[in-house]
Amino acid sequence: MKRFVMVAASAAVLLGTGQAGAAGVDKKAVLTTYADIAHAKYEDSLIAAKRLKVAVDALVAAPGAETLAAAKAAWIAARVPYQQSEAFRFGNASVDEWEGKVNAWPLDEGLIDYVNADTYGTESGENPLYTANIIAHPKLKVGGKSVNAGKIDKKLLGKMHEAGGVEANVTTGYHAIEFMLWGQDTNGTGPGAGNRPASDFDTKACTGGNCDRRAAYLLTATGLLVDDLKTMVDGWGAKGKIRAKLLKGKPDTGIATIVTGLGSLSYGELAGERMKLGLMLHDPEEEHDCFSDNTHNSHFYDAKGIQNVYLGKYTRTDGSEVKGPALADLVAAKDPALDGDMKAKLDTTMAAMGVLVKTAEGGEVYDQMIGAGNSAGNAKVQAAIDALVAQTRSLEKAVAVLALGEVKFEGSDSLDNPSAIGK
Amino acid sequence: MRFRLTLIVGLLTASGPAWAAPDYAGILAAGADGPMLAGYRAFQARATTLEQDVQSLCAAPIPASVETARAGFHAAMDSWQKVQWIGYGPVEAFHRGQRVQFWPDKKNAGDRQMLALLKERNAEALEGNRIAFASVAIQGLPALEMLLFDTNQSAKLVEASDDDATLRCRLAQGIAANLTRIGGELVHDWSKPDGFATVLKSAGTGVNPYADARQAASQMFNALHAQLSAMAEIKLAYPLAASASEARPSRAESWRSRRSLRNVVLNLDSLRETFAIGFAPALRADGKGAAADRFLAALTEAQTAAGKLSAPMEEAMSETEGWTRLNGLKAKIKNAAQVLETEVAAALDLQVGFNGLDGD
């Protein structure tokens, strides 16, 4: 996937202003809060993934409507802390490199399991493994070479992830698990999510074929998610390498990391790749959580994560709070009006995202909102995009007043790059 | 493979130092009244002809009519390629640019949506103005290219008794009419009394989105650079991959009509024309003609490299010699981008530039 990266070189640096910190706010303390919130979010994500694993074990042990519903509920709950952690992805290279294993999207689900050829198609010029169907095939061909897929285990899934260099070949992470639980969404921009029957995991009354391999796939992918999240919890822990790198470096470099994460997620990733592109294409495949129709929550908690990192205050899954000196305090010390403006913009975004959630909960889910001809739904999504772009503009001003030097924001070719210039 | 384009945005809103201020207003006027407007007018005219060609095809669905419509498509795409670099102004409004050409389409949305549409036989949904509100991927040049050049589709265009032909014709007519309409909107919004040409020429005065002419010239400069980066990274590097055996012709920009190299050639022509008419004279007036000459020379090298390729890119890339030449062309384009973002940017006193970077 192509991405544009916008680099804002602050006016202060161009003018040669010094690096003096904001009076009264310790940048190390801000970085410590940031790392503490990261650790808490990944730990919450890990706890939720372990609960998902318990639910998935129960589903495979006794496939039925109830165990399937419980597993789906556990997946949706697992998304809440994880999406809030996405504010840490950009800026922290080690998080961005790791992220593809757990949250890669979009995926060509035909690589994993059976799909409906009428809606999915049978081939893609982009992806030779478009309908490879690992679950149905103990032997696979990747780039002319045979791959033994007889045993579905962590090694196989790791090997097949991004097979053939195609990013849409996603075999692991939340969205692979989502596809296993819900199945393909064949409703287009009409109502309805994926509708996989629990019997797809029932080796005694199997539907969809290869139920043993499908069950193995689900268990393996969920186990991998737990493993991968543990890596992040460790990395941000008291002795973690990611935390250490952040705190041992120059304070301004660390603050720039925070801003990069917030700006890139706001602008290029969420407003651009995940929202604007889908709106232009009116395409349900452009829905982030397309199998489960959970995209409204996915976007909402991304935005929430941006807000709580800026404010330095995260409410954990168990209701406890992690808080401390934050980017907001640094900005306020330099320019209280700008801090006020930024907080207002974040509130506007949350309100717009709230509208999406409310609309979805009212029965019109995200893929319907972006549908062609749904001007009211389109406008709601556009309002959230506009709010995200507006908060990015305020963040750019914060880069300037904090004199951080070069800060890179992820851009998107779906958004109008040129209008970002010079404003 | 992922790649990044790094855009260095100068947040300085004040004008550059007075001692060396290039004639930004002159650059803007030369572009706005010159190749940019002419380019949109040409696109409007070619789209109008294309619309007529498609109507003739549908009135008399015979192979010769398909050929005429294909020629009309090529002419329209030729003119679009010359304005493709203009990523701002009226083309941004209502997703007009994406609607004319949704590209790059790395997830095959266009193919997927077109096939679904044909399968559903839902041409009514796209008639008249309604097509403008459909997915951007099914209302522009790539969608029409599929109907006219994909042999499965174009064969179905000329079987008049077939419902399929009627359906495809209605769709093709709808797309062509949509292109004409967008072409007209682009020309109108550019050239009307308070249109975008006026906005550019009066940058920094009155009610104007630009703080000054320098800011507007920066945007124009950036757009030229972005086009070079897109040519190197998306039009060439992306389909070329790492070797001739790994090359993916269907990733090329206009692979169905086998004109992807022609697109690059036209892009180079357009960049040269735009640079030569505005930026180069401004640099020469400041005694900085050497920077302009170096960029123009770099463009010439790229144009020469493109001229050495005889077979269409879609064929050439799968053979070692052709692949190597295309890769060489990519390197020449990257070099031109490099000259632009370093020497030329410095000479123009613009803290603006793009860097094409590999990896993610």
# chains A, B, ... in the order shown; residues from 1 in each chain; ligands from 1
call {"tool": "residues_around", "arguments": {"residues": "segment 318-333 of chain A", "least_positions_apart": "3", "cutoff": "10 Å", "atoms": "only C-alpha atoms", "output": "VMD selection string"}}
result
chain A and resid 21 to 34 36 to 41 44 255 258 to 259 307 to 315 336 to 340 342 to 343 395 397 to 399 401 to 402
call {"tool": "select_by_dssp", "arguments": {"residues": "segment 57-247 of chain B", "states": "helix (DSSP H, G or I)", "output": "number ranges by chain"}}
result
B: 57-59, 63-83, 89-91, 93-100, 109-120, 123-126, 128-133, 136-138, 141-149, 151-157, 163-191, 196-201, 213-240
call {"tool": "residues_around", "arguments": {"residues": "segment 82-91 of chain A", "least_positions_apart": "6", "cutoff": "6 Å", "atoms": "only C-alpha atoms", "output": "PyMOL selection string"}}
result
chain A and resi 41+45+257+260-262+301-302+305-306
call {"tool": "closest_residue", "arguments": {"among": "B:Arg259, B:Arg325, B:Lys334, B:Arg272", "to": "Phe149 of chain B", "atoms": "only C-alpha atoms"}}
result
B:Arg259
call {"tool": "closest_residue", "arguments": {"among": "A:Lys304, A:Lys334, A:His299, A:His282", "to": "chain B", "atoms": "only C-alpha atoms"}}
result
A:His282
call {"tool": "residues_around", "arguments": {"residues": "Ala149 of chain A", "least_positions_apart": "4", "cutoff": "12 Å", "atoms": "only C-alpha atoms", "output": "number ranges by chain"}}
result
A: 112, 132-142, 153-160, 213, 216-217
call {"tool": "residues_around", "arguments": {"residues": "Glu319 of chain B", "least_positions_apart": "6", "cutoff": "10 Å", "atoms": "only C-alpha atoms", "output": "list in words"}}
result
Ser243, Ala244, Ser245 and Ala247 of chain B
call {"tool": "write_last_selection", "arguments": {"atoms": "C-alpha atoms", "output": "mmCIF file, in the first residue's frame"}}
result
data_model
loop_
_atom_site.group_PDB
_atom_site.id
_atom_site.type_symbol
_atom_site.label_atom_id
_atom_site.label_comp_id
_atom_site.auth_asym_id
_atom_site.auth_seq_id
_atom_site.Cartn_x
_atom_site.Cartn_y
_atom_site.Cartn_z
ATOM 1 C CA SER B 243 13.536 -8.229 -12.138
ATOM 2 C CA ALA B 244 12.054 -9.042 -15.544
ATOM 3 C CA SER B 245 10.774 -12.377 -14.260
ATOM 4 C CA ALA B 247 7.632 -7.780 -13.400
#
call {"tool": "closest_residue", "arguments": {"among": "A:Gly354, A:Ala163, A:Lys241, A:Asp341", "to": "chain B", "atoms": "only C-alpha atoms"}}
result
A:Ala163
call {"tool": "atom_distance", "arguments": {"atom1": "atom CA of Pro209 of chain B", "atom2": "atom CA of Ala30 of chain B"}}
result
19.5 Å
call {"tool": "atom_distance", "arguments": {"atom1": "atom CA of Val389 of chain A", "atom2": "atom CA of Gly263 of chain A"}}
result
9.1 Å
call {"tool": "closest_residue", "arguments": {"among": "B:Leu118, B:Ala285, B:Ala252, B:Ala123", "to": "Pro142 of chain B", "atoms": "only C-alpha atoms"}}
result
B:Ala252
call {"tool": "closest_atom_pairs", "arguments": {"of": "segment 182-276 of chain B", "to": "segment 71-92 of chain B", "cutoff": "12 Å", "atoms": "only C-alpha atoms", "output": "tab-separated table"}}
result
residue	atom	partner	partner_atom	distance
B:Ile182	CA	B:Val91	CA	8.9
B:Gly183	CA	B:Trp80	CA	9.6
B:Gly184	CA	B:Pro90	CA	11.0
B:Glu185	CA	B:Pro90	CA	8.0
B:Leu186	CA	B:Pro90	CA	5.9
B:Val187	CA	B:Pro90	CA	8.7
B:His188	CA	B:Pro90	CA	9.1
B:Asp189	CA	B:Pro90	CA	6.0
B:Trp190	CA	B:Pro90	CA	6.6
B:Ser191	CA	B:Pro90	CA	10.3
B:Lys192	CA	B:Pro90	CA	11.5
B:Gly195	CA	B:Pro90	CA	8.8
B:Phe196	CA	B:Gly89	CA	6.4
B:Ala197	CA	B:Gly89	CA	9.0
B:Thr198	CA	B:Gly89	CA	11.3
B:Val199	CA	B:Gly89	CA	9.4
B:Leu200	CA	B:Gly89	CA	9.3
B:Pro209	CA	B:Gly89	CA	10.9
B:Tyr210	CA	B:Gly89	CA	11.9
B:Ala216	CA	B:Tyr88	CA	10.5
B:Gln219	CA	B:Tyr88	CA	8.3
B:Met220	CA	B:Ile86	CA	7.8
B:Phe221	CA	B:Ile86	CA	10.2
B:Asn222	CA	B:Gly87	CA	9.7
B:Ala223	CA	B:Trp85	CA	6.0
B:Leu224	CA	B:Trp85	CA	6.2
B:His225	CA	B:Trp85	CA	8.8
B:Ala226	CA	B:Trp85	CA	7.5
B:Gln227	CA	B:Trp85	CA	5.3
B:Leu228	CA	B:Trp85	CA	8.7
B:Ser229	CA	B:Trp85	CA	10.6
B:Ala230	CA	B:Trp85	CA	9.3
B:Met231	CA	B:Trp85	CA	10.1
B:Glu253	CA	B:Gln81	CA	10.9
B:Ser254	CA	B:Met77	CA	9.5
B:Arg256	CA	B:His74	CA	11.7
B:Ser257	CA	B:His74	CA	8.3
B:Arg258	CA	B:His74	CA	10.3
B:Arg259	CA	B:His74	CA	8.3
B:Ser260	CA	B:Gln81	CA	10.3
B:Leu261	CA	B:Gln81	CA	11.2
B:Arg262	CA	B:Asp78	CA	8.1
B:Asn263	CA	B:Gln81	CA	5.9
B:Val264	CA	B:Gln81	CA	8.1
B:Val265	CA	B:Gln81	CA	9.2
B:Leu266	CA	B:Lys82	CA	6.0
B:Asn267	CA	B:Lys82	CA	5.6
B:Leu268	CA	B:Lys82	CA	8.5
B:Asp269	CA	B:Lys82	CA	7.6
B:Ser270	CA	B:Lys82	CA	5.2
B:Leu271	CA	B:Lys82	CA	8.1
B:Arg272	CA	B:Lys82	CA	10.5
B:Glu273	CA	B:Lys82	CA	9.7
B:Thr274	CA	B:Lys82	CA	9.9
call {"tool": "write_last_selection", "arguments": {"atoms": "N, CA and C atoms", "output": "short mmCIF file (atom, residue, chain, number, x, y, z; two decimals), in the first residue's frame"}}
result
data_model
loop_
_atom_site.label_atom_id
_atom_site.label_comp_id
_atom_site.auth_asym_id
_atom_site.auth_seq_id
_atom_site.Cartn_x
_atom_site.Cartn_y
_atom_site.Cartn_z
N ILE B 182 -17.13 16.66 -16.52
CA ILE B 182 -16.04 17.04 -15.60
C ILE B 182 -15.06 17.96 -16.33
N GLY B 183 -14.77 17.64 -17.60
CA GLY B 183 -13.87 18.50 -18.38
C GLY B 183 -14.40 19.93 -18.44
N GLY B 184 -15.69 20.05 -18.67
CA GLY B 184 -16.31 21.37 -18.73
C GLY B 184 -16.23 22.10 -17.39
N GLU B 185 -16.45 21.36 -16.31
CA GLU B 185 -16.38 21.96 -14.97
C GLU B 185 -14.97 22.45 -14.67
N LEU B 186 -13.98 21.65 -15.09
CA LEU B 186 -12.59 22.03 -14.82
C LEU B 186 -12.24 23.33 -15.54
N VAL B 187 -12.63 23.41 -16.81
CA VAL B 187 -12.33 24.62 -17.59
C VAL B 187 -13.06 25.82 -16.99
N HIS B 188 -14.34 25.60 -16.67
CA HIS B 188 -15.14 26.71 -16.13
C HIS B 188 -14.58 27.20 -14.80
N ASP B 189 -14.34 26.28 -13.89
CA ASP B 189 -13.86 26.69 -12.56
C ASP B 189 -12.45 27.27 -12.60
N TRP B 190 -11.73 26.93 -13.64
CA TRP B 190 -10.38 27.49 -13.77
C TRP B 190 -10.45 28.92 -14.34
N SER B 191 -11.28 29.10 -15.37
CA SER B 191 -11.19 30.32 -16.16
C SER B 191 -12.27 31.36 -15.89
N LYS B 192 -13.29 31.04 -15.11
CA LYS B 192 -14.34 32.03 -14.86
C LYS B 192 -13.74 33.24 -14.14
N GLY B 195 -12.40 32.64 -10.92
CA GLY B 195 -11.97 31.24 -10.92
C GLY B 195 -10.56 31.03 -10.37
N PHE B 196 -10.09 29.79 -10.50
CA PHE B 196 -8.84 29.44 -9.84
C PHE B 196 -7.63 30.13 -10.45
N ALA B 197 -7.68 30.41 -11.76
CA ALA B 197 -6.57 31.15 -12.36
C ALA B 197 -6.44 32.51 -11.69
N THR B 198 -7.57 33.15 -11.44
CA THR B 198 -7.56 34.45 -10.76
C THR B 198 -7.03 34.31 -9.33
N VAL B 199 -7.47 33.25 -8.65
CA VAL B 199 -6.99 33.02 -7.29
C VAL B 199 -5.46 32.92 -7.29
N LEU B 200 -4.92 32.15 -8.23
CA LEU B 200 -3.47 31.98 -8.29
C LEU B 200 -2.77 33.31 -8.60
N PRO B 209 -7.03 32.20 -0.50
CA PRO B 209 -6.56 31.13 0.38
C PRO B 209 -5.04 31.13 0.58
N TYR B 210 -4.33 31.77 -0.30
CA TYR B 210 -2.87 31.79 -0.17
C TYR B 210 -2.40 33.04 0.57
N ALA B 216 1.68 29.94 -3.12
CA ALA B 216 1.01 29.32 -4.28
C ALA B 216 2.02 28.72 -5.25
N GLN B 219 3.23 25.43 -3.97
CA GLN B 219 2.30 24.33 -4.23
C GLN B 219 2.47 23.80 -5.66
N MET B 220 2.64 24.72 -6.58
CA MET B 220 2.82 24.33 -7.98
C MET B 220 4.12 23.55 -8.15
N PHE B 221 5.14 24.04 -7.51
CA PHE B 221 6.45 23.39 -7.56
C PHE B 221 6.36 21.98 -6.99
N ASN B 222 5.68 21.89 -5.85
CA ASN B 222 5.46 20.60 -5.22
C ASN B 222 4.74 19.61 -6.10
N ALA B 223 3.75 20.12 -6.81
CA ALA B 223 2.95 19.24 -7.67
C ALA B 223 3.80 18.68 -8.81
N LEU B 224 4.69 19.51 -9.35
CA LEU B 224 5.59 19.01 -10.40
C LEU B 224 6.47 17.91 -9.83
N HIS B 225 6.97 18.16 -8.65
CA HIS B 225 7.85 17.17 -8.03
C HIS B 225 7.11 15.89 -7.68
N ALA B 226 5.90 16.05 -7.19
CA ALA B 226 5.09 14.87 -6.85
C ALA B 226 4.84 14.01 -8.08
N GLN B 227 4.64 14.67 -9.21
CA GLN B 227 4.39 13.91 -10.45
C GLN B 227 5.63 13.10 -10.82
N LEU B 228 6.81 13.69 -10.72
CA LEU B 228 8.04 12.94 -11.02
C LEU B 228 8.18 11.74 -10.09
N SER B 229 7.88 11.95 -8.82
CA SER B 229 7.98 10.85 -7.87
C SER B 229 6.99 9.74 -8.21
N ALA B 230 5.77 10.15 -8.54
CA ALA B 230 4.75 9.16 -8.88
C ALA B 230 5.15 8.38 -10.14
N MET B 231 5.75 9.09 -11.09
CA MET B 231 6.20 8.41 -12.32
C MET B 231 7.25 7.35 -12.00
N GLU B 253 0.06 1.52 -15.47
CA GLU B 253 -1.05 2.47 -15.33
C GLU B 253 -2.19 2.19 -16.32
N SER B 254 -1.86 2.03 -17.60
CA SER B 254 -2.90 1.80 -18.62
C SER B 254 -2.59 0.51 -19.37
N ARG B 256 -4.26 -2.15 -20.07
CA ARG B 256 -5.21 -2.74 -21.02
C ARG B 256 -5.08 -2.10 -22.41
N SER B 257 -4.82 -0.81 -22.43
CA SER B 257 -4.65 -0.13 -23.73
C SER B 257 -3.17 -0.04 -24.11
N ARG B 258 -2.33 -0.67 -23.30
CA ARG B 258 -0.90 -0.78 -23.58
C ARG B 258 -0.27 0.57 -23.91
N ARG B 259 -0.62 1.57 -23.15
CA ARG B 259 -0.12 2.90 -23.43
C ARG B 259 0.58 3.49 -22.19
N SER B 260 1.01 2.64 -21.29
CA SER B 260 1.58 3.15 -20.03
C SER B 260 2.86 3.94 -20.26
N LEU B 261 3.66 3.52 -21.24
CA LEU B 261 4.89 4.27 -21.52
C LEU B 261 4.55 5.64 -22.13
N ARG B 262 3.56 5.62 -23.01
CA ARG B 262 3.12 6.88 -23.62
C ARG B 262 2.68 7.88 -22.54
N ASN B 263 2.03 7.39 -21.50
CA ASN B 263 1.65 8.26 -20.39
C ASN B 263 2.87 8.96 -19.80
N VAL B 264 3.91 8.18 -19.57
CA VAL B 264 5.13 8.74 -18.97
C VAL B 264 5.76 9.78 -19.90
N VAL B 265 5.78 9.47 -21.18
CA VAL B 265 6.34 10.40 -22.17
C VAL B 265 5.56 11.73 -22.14
N LEU B 266 4.25 11.63 -22.09
CA LEU B 266 3.42 12.84 -22.06
C LEU B 266 3.60 13.61 -20.76
N ASN B 267 3.76 12.88 -19.67
CA ASN B 267 4.02 13.53 -18.38
C ASN B 267 5.30 14.36 -18.46
N LEU B 268 6.33 13.75 -19.06
CA LEU B 268 7.61 14.45 -19.18
C LEU B 268 7.45 15.70 -20.05
N ASP B 269 6.73 15.56 -21.16
CA ASP B 269 6.50 16.72 -22.04
C ASP B 269 5.82 17.84 -21.27
N SER B 270 4.81 17.47 -20.52
CA SER B 270 4.02 18.46 -19.80
C SER B 270 4.83 19.16 -18.71
N LEU B 271 5.64 18.38 -17.99
CA LEU B 271 6.47 18.96 -16.93
C LEU B 271 7.48 19.94 -17.55
N ARG B 272 8.05 19.54 -18.67
CA ARG B 272 9.02 20.41 -19.33
C ARG B 272 8.35 21.74 -19.75
N GLU B 273 7.20 21.60 -20.37
CA GLU B 273 6.49 22.77 -20.86
C GLU B 273 6.16 23.73 -19.70
N THR B 274 5.64 23.18 -18.63
CA THR B 274 5.25 24.01 -17.49
C THR B 274 6.46 24.66 -16.83
#
call {"tool": "atom_distance", "arguments": {"atom1": "atom CA of Ala347 of chain B", "atom2": "atom CA of Met36 of chain B"}}
result
23.3 Å
call {"tool": "closest_residue", "arguments": {"among": "A:Gly150, A:Gly64, A:Gly237, A:Gly143", "to": "chain B", "atoms": "only C-alpha atoms"}}
result
A:Gly143
call {"tool": "closest_residue", "arguments": {"among": "A:Ser124, A:Gly183, A:Leu246, A:Ser292", "to": "Trp75 of chain A", "atoms": "only C-alpha atoms"}}
result
A:Ser292
call {"tool": "select_by_dssp", "arguments": {"residues": "segment 109-291 of chain A", "states": "strand (DSSP E)", "output": "list in words"}}
result
Lys139, Leu140, Lys141, Val142, Lys145, Ser146, Val147 and Asn148 of chain A
call {"tool": "write_last_selection", "arguments": {"atoms": "C-alpha atoms", "output": "compact mmCIF listing (two decimals), in the first residue's frame"}}
result
# COMPACT_ATOMS: atom_id res chain seq x y z
CA LYS A 139 -0.24 -28.42 -0.32
CA LEU A 140 0.20 -24.92 -1.68
CA LYS A 141 2.22 -23.29 -4.41
CA VAL A 142 3.82 -19.94 -3.69
CA LYS A 145 7.55 -23.38 -5.05
CA SER A 146 5.65 -26.01 -3.11
CA VAL A 147 4.70 -25.26 0.47
CA ASN A 148 3.66 -28.06 2.79
